[in-house]
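Chemist: Dropping the structure in here first, questions after.
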Amino acid sequence: MLRVGLTGGLGSGKSTAAAMLRELGAQVIEADALGREMMEPGHEVYDRIVERFGPGVILPDGHLDRARLADLAFRHGRLQELNAIVHPPVIAAQQRWMEEVFAHSPSAVAVIESALIFEVVRDARARGEKEGVLAGWRRRMDRIIVVTAPDAIKIARYAARIQSSVAGGGFSRPGGPSAVTTLEAIEAEARTRLAHQIPDAEKSAQADYVLDNSGDIDALRTQVQALWPRLLAQGNKPGQNLSLQ
C-alpha cells in the first residue's frame, strides 16, 4: 500500500493532477469535497460553525453562506477558528477512507488531494500542539507530491475559474456578485488566500515529488504519467514500511 498526499496552492492544478492519477488507477479522495459535505445542514461541523460564527453565516435556504465564511476567515482574521472546526473531522474521515481502501486492496495507491497538508501541521504546531491528528498529519503520508506554479499563473487560473462560476450562476459573495466580478477584486482575493499558504519553495523542499504545472495540461500529464509507475511499484510492496515518520 502507499499513502500519498497530493497538495499545492490555490490555482496550482492539484485537482487536475488528481484526476489524472485517478484515470491511471489511483484511489483518490478530495479534502475540499469532504469539507463541503460536512458543512451541509445536518452535520456536526455545520452546527459548530453556526454556533461559533453566528446565524449571519446562514443563507435563507438554510445552507451556510460559504462566501461570508470566507470573508470572515481571510479578511477578518478568523481562518484558524474555521479550520479548527473543519480540519479534525475531515482528516479523521480521510484516515477511515484510507483504511477501507487498503482493506479491500492492500497494494492500492491511495491519494488524498488537499491544499493544506503542510499548513494543517504548521497551524497545529503554532497553537502548541506537538502530537495529535493535526500536528502529525504529514507523518501519516508515505509520499508527498507538490504541484507548483508561479503565483501569477495561480492567480490567473483562480480568476478564470471564479469568473466562469459567476457567469454560470454558481458563485456569490456578500454584497452580491458585483462585489467580486471585477478582475481586480478577484485577483486581490486570490493574493489574500495565497498569503495564508506556505510558498511552493518551502513545500517542494519537504516533498518527495514535485510536479511543475507552469505549462499546459499536456506537460502536466507527461509528468504524472512518468510518476505513476514509481508510485504503483511502491504500492505493490505491502510488506514494506514506507512511512516517513
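To be explicit about the labels: the chains of the C-alpha cells are called A, B, and onward in the order shown, and within each one the residues are counted from 1, while ligands get numbers from 1 in the order they are shown.
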Excluding Ala152 of chain A and residues on its chain fewer than 3 positions from it, collect all residues at most 12 Å away from it, counting only C-alpha atoms, and give them as a list in words.
Modeler: Leu10, Gly11, Ser12, Thr148, Ala149, Ile155, Ala156, Arg157, Tyr158, Ala159, Glu187, Ala188, Ala190, Arg191, Leu194 and Ser214 of chain A
Chemist: Name the residues of segment 94-154 of chain A that fall into helix (DSSP H, G or I) according to DSSP on the backbone, using the chain letters and numbers of this document, as JSON, numbers by chain.
Modeler: {"A": [94, 95, 96, 97, 98, 99, 100, 101, 102, 103, 104, 117, 118, 119, 120, 121, 122, 123, 124, 125, 126, 138, 139, 140, 151, 152, 153, 154]}
Chemist: Can I get the selection written as a CSV table (one decimal), in the first residue's frame, with C-alpha atoms?
Modeler:
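Generated file (again.csv):
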chain,number,residue,atom,x,y,z
A,94,GLN,CA,-9.6,10.7,5.3
A,95,GLN,CA,-8.0,8.2,7.6
A,96,ARG,CA,-11.1,6.0,7.7
A,97,TRP,CA,-11.2,6.1,3.9
A,98,MET,CA,-7.6,5.0,3.6
A,99,GLU,CA,-8.2,2.1,6.0
A,100,GLU,CA,-11.2,1.0,3.9
A,101,VAL,CA,-9.2,1.2,0.6
A,102,PHE,CA,-6.3,-0.9,1.9
A,103,ALA,CA,-8.7,-3.4,3.5
A,104,HIS,CA,-10.1,-4.1,0.0
A,117,ILE,CA,-1.4,19.3,4.2
A,118,PHE,CA,1.6,21.4,5.3
A,119,GLU,CA,-0.5,24.3,6.6
A,120,VAL,CA,-2.5,22.0,8.9
A,121,VAL,CA,0.7,20.9,10.6
A,122,ARG,CA,2.1,24.4,10.7
A,123,ASP,CA,-1.0,25.8,12.3
A,124,ALA,CA,-1.4,23.0,14.8
A,125,ARG,CA,2.2,23.4,16.0
A,126,ALA,CA,1.7,27.2,16.2
A,138,ARG,CA,2.2,14.9,7.5
A,139,ARG,CA,3.8,11.9,9.1
A,140,ARG,CA,0.9,9.7,8.2
A,151,ASP,CA,1.8,32.9,-8.3
A,152,ALA,CA,0.9,34.9,-11.4
A,153,ILE,CA,-0.3,31.8,-13.1
A,154,LYS,CA,-2.2,30.6,-10.0
Chemist: When distances are computed from only C-alpha atoms, which of A:Asp142, A:Glu40, A:Asp218, A:Glu81 shows the smallest separation from Leu2 of chain A?
Modeler: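 Between A:Asp142, A:Glu40, A:Asp218, A:Glu81, the residue approaching Leu2 of chain A most closely is A:Asp142.
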Chemist: What does the distance between atom CA of Ala31 of chain A and atom CA of Ile112 of chain A come to in Å, to one decimal place?
Modeler: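 Taking atom CA of Ala31 of chain A as the start and atom CA of Ile112 of chain A as the end point, the length is 6.9 Å.
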Chemist: For Val45 of chain A, work out the shell of residues within 9 Å, counting only C-alpha atoms and skipping chain neighbours fewer than 6 positions away, then give it as a list in words.
Modeler: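 Those residues are Gly35, Met38, Met39, Ile85, Val86 and Pro89 of chain A.
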Chemist: So, with only C-alpha atoms as the atoms that count, which of A:Leu72, A:Val90, A:Leu116, A:Ala19 lies closest to Ile217 of chain A?
Modeler: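 Among the listed residues, the smallest separation from Ile217 of chain A belongs to A:Ala19.
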Chemist: Figure out the distance between atom CA of Asn83 of chain A and atom CA of His63 of chain A, please, to one decimal in Å.
Modeler: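 Separation between atom CA of His63 of chain A and atom CA of Asn83 of chain A: 18.3 Å.
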Chemist: With only C-alpha atoms as the basis for distance, which of A:Lys14, A:Thr7, A:Glu131, A:Met1 is at the shortest distance from Ala26 of chain A?
Modeler: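 Of the candidates, the smallest distance to Ala26 of chain A is held by A:Met1.
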Chemist: How many Å separate atom CA of Trp137 of chain A from atom CA of Gly5 of chain A?
Modeler: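 Value for the atom CA of Trp137 of chain A-atom CA of Gly5 of chain A distance: 9.9 Å.
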Chemist: Considering only C-alpha atoms, can you say which of A:Arg78, A:Lys203, A:His196, A:Arg230 comes closest to Arg52 of chain A?
Modeler: A:Arg78
